[in-house]
Amino acid sequence: MRHARETEAVASNGKTGLKAADIANRLRSEKEKRVNDKKEVPVSPLQNRVNELKQFTQQLQSVHTSVLAKALFRGILYEDKNIIAINKPYGVPLHNVDGIRNSIAGSQLHLCHSLEKENTGVLILAKTEEAAEHVQTLIRSHNVERKYLAVTVGVPVPSEGVIDIPIIEKEVTGPQPHFKMGLSPLFKVSEEGDGVTRVRAHRQAQSAVTQYRVLDSTSGCSLVELQPVTGVKNQLRVHMALALTCTILGDHKYAHWNKLAPQKLPEGILRRLGLVQSKTRYLPLHLHSRRIILPGVKGHSDITVSCPLPKYFNTLKRLQIPLPGKE
C-alpha cells in the first residue's frame, strides 16, 4: 500500500506517468464499483438517447430566454407581417416561449393556440393582438386545418373515423393521487346489451372531436394521422388511449389510469426498439404537430406550414414502419 501511494504521488508530480494498462484497470474497477453500488443495468444506444432527451428537457427549463430565443429563431418555418410559425422542440413549455416573445422578431408576439410541453412541431405566434384574435377565431370556427402524427401502441379499429366523446378532468385516488383528463360519454350500453341510450351530459365536460386515419401499421404499432376539430387539454392523448385503447408511444400519463409509471410495452415492441422494460426510463411522447393550414385573406392563397419530424421519430425505422413522405 505504501508503494502504491508513493507511485501515485510521483505520477501526480509529473516525474513519471502511469501506464495505459494501469489507467484502463483503474477505470474498469471504478465502473464495476458503480455498477455494484447503484445496481446499474447495461443500456442500449437507444436507451442512452432516451436518457439524453430527458436530461435535455430538464436543462431547457433553466435555459436563459435569450439563448432559447436564438434556438427558436433558427427554427422559424414561416413569417409574414402578421404571424410567425416556429418549430417547437420537445420539452419546451409554452410559458418559456411566452417569456421570449419580444426576442424573436423584435416585437411583441402572442400565442395563437396551445401545444403541450411534450409535443413537437408547428406553433403559430402572432405579431399583434388583432392577428392573434383572428387566428384564434379561425380555430374556434374550425377553419384551420391541423394535422398531427402519432405512433401508437396497437392498431386502431376501424382504421379511419371520428371520435366524438366529451372530455372532463377527473381526480384519481389511491397511493398516487393526481388529476387526469378522462372521457365523459353521452351514451351508454343499455341494460339488455342490445343498444345504447343517451345520458345527461356532465356540466363540466368539454366537447371533444378528433378525426383519425391509420397511415401504416406493423409490429403491433401504428402511424396515425390525427386532426383535432376541438382543442381540449390532452385531447389527442385521451381519445387514443381511452377511446381507441391505442396509447401513444411514450405517453406514460395515460398508459395507466390509477398510477403514474412508465408505459409498459409488449415484448415484441421492446425487442424492435432495443429496449428493456424499466420503472425509471421514459420514452419521449411520439406526438408531432406536422402541418397547419390557415385560410388566405382577401383573395390570397391558403398559408400551409409544415414541419419535419423530430429525430426521435426514427423509432419508426426500428418498428419497420415507413417514414411519411413530405407534404
# chains A, B, ... in the order shown; residues from 1 in each chain; ligands from 1

$ residues_around --residues "Cys112 (chain A)" --least-positions-apart "5" --cutoff "12 Å" --atoms "only C-alpha atoms" --output "PyMOL selection string"
chain A and resi 82-86+94+97-98+122-140+144+231+294

$ residues_around --residues "Arg272 (chain A)" --least-positions-apart "6" --cutoff "10 Å" --atoms "only C-alpha atoms" --output "list in words"
Ser219, Thr315, Leu316, Lys317, Arg318, Leu319 and Gln320 of chain A

$ residues_around --residues "Ala243 (chain A)" --least-positions-apart "6" --cutoff "12 Å" --atoms "only C-alpha atoms" --output "list in words"
Pro156, Val157, Pro158, Gly161, Val162, Ile163, Asp164, Ile165, Pro166, Ile167, Gly182, Leu183, Ser184, Pro185, Ala208, Val209, Thr210, Tyr212, Gln235, Leu236, Arg237 and Tyr254 of chain A

$ write_last_selection --atoms "C-alpha atoms" --output "JSON list (two decimals), in the first residue's frame"
[["chain", "number", "residue", "atom", "x", "y", "z"],
["A", 156, "PRO", "CA", -56.92, 1.43, -34.13],
["A", 157, "VAL", "CA", -60.12, -0.29, -35.29],
["A", 158, "PRO", "CA", -61.65, 0.88, -37.53],
["A", 161, "GLY", "CA", -63.03, 7.51, -38.24],
["A", 162, "VAL", "CA", -64.18, 10.32, -35.96],
["A", 163, "ILE", "CA", -64.07, 10.23, -32.16],
["A", 164, "ASP", "CA", -66.79, 12.43, -30.68],
["A", 165, "ILE", "CA", -66.63, 11.91, -26.91],
["A", 166, "PRO", "CA", -66.56, 14.79, -24.39],
["A", 167, "ILE", "CA", -63.60, 15.05, -22.02],
["A", 182, "GLY", "CA", -60.92, 11.37, -18.89],
["A", 183, "LEU", "CA", -63.88, 10.50, -21.08],
["A", 184, "SER", "CA", -67.41, 11.66, -20.28],
["A", 185, "PRO", "CA", -69.56, 9.71, -22.79],
["A", 208, "ALA", "CA", -64.02, 16.95, -27.92],
["A", 209, "VAL", "CA", -63.87, 15.74, -31.54],
["A", 210, "THR", "CA", -60.90, 14.09, -33.25],
["A", 212, "TYR", "CA", -58.03, 9.96, -37.24],
["A", 235, "GLN", "CA", -57.49, 15.62, -26.23],
["A", 236, "LEU", "CA", -55.49, 13.54, -28.73],
["A", 237, "ARG", "CA", -53.80, 11.52, -26.00],
["A", 254, "TYR", "CA", -52.36, 7.80, -19.98]]

$ residues_around --residues "region 244-252 of chain A" --least-positions-apart "3" --cutoff "9 Å" --atoms "only C-alpha atoms" --output "number ranges by chain"
A: 150-157, 163, 221-222, 236-241, 255-256, 260-265, 282-287

$ closest_residue --among "A:Asp80, A:Glu169, A:Glu116, A:Asp194" --to "His95 (chain A)" --atoms "only C-alpha atoms"
A:Glu116

$ atom_distance --atom1 "CA of His142 (chain A)" --atom2 "CA of Val305 (chain A)"
16.9 Å

$ select_by_dssp --residues "region 123-230 of chain A" --states "strand (DSSP E)" --output "number ranges by chain"
A: 123-126, 145-153, 160-164, 167-172, 178-183, 187-189, 196-198, 209-218, 221-228

$ atom_distance --atom1 "CA of Ser301 (chain A)" --atom2 "CA of Tyr78 (chain A)"
14.5 Å

$ select_by_dssp --residues "region 194-280 of chain A" --states "alpha helix (DSSP H)" --output "ChimeraX atom specification"
/A:235-238,252-255,267-273

$ closest_residue --among "A:Lys88, A:Arg271, A:Arg74, A:Arg203" --to "Pro310 (chain A)" --atoms "only C-alpha atoms"
A:Lys88

$ atom_distance --atom1 "CA of Val196 (chain A)" --atom2 "CA of Val172 (chain A)"
27.0 Å

$ closest_residue --among "A:Pro295, A:Gly174, A:Gly195, A:Gly121" --to "Leu149 (chain A)" --atoms "only C-alpha atoms"
A:Gly121

$ closest_residue --among "A:Leu309, A:Ile321, A:Ile292, A:Ala201" --to "Thr120 (chain A)" --atoms "only C-alpha atoms"
A:Leu309
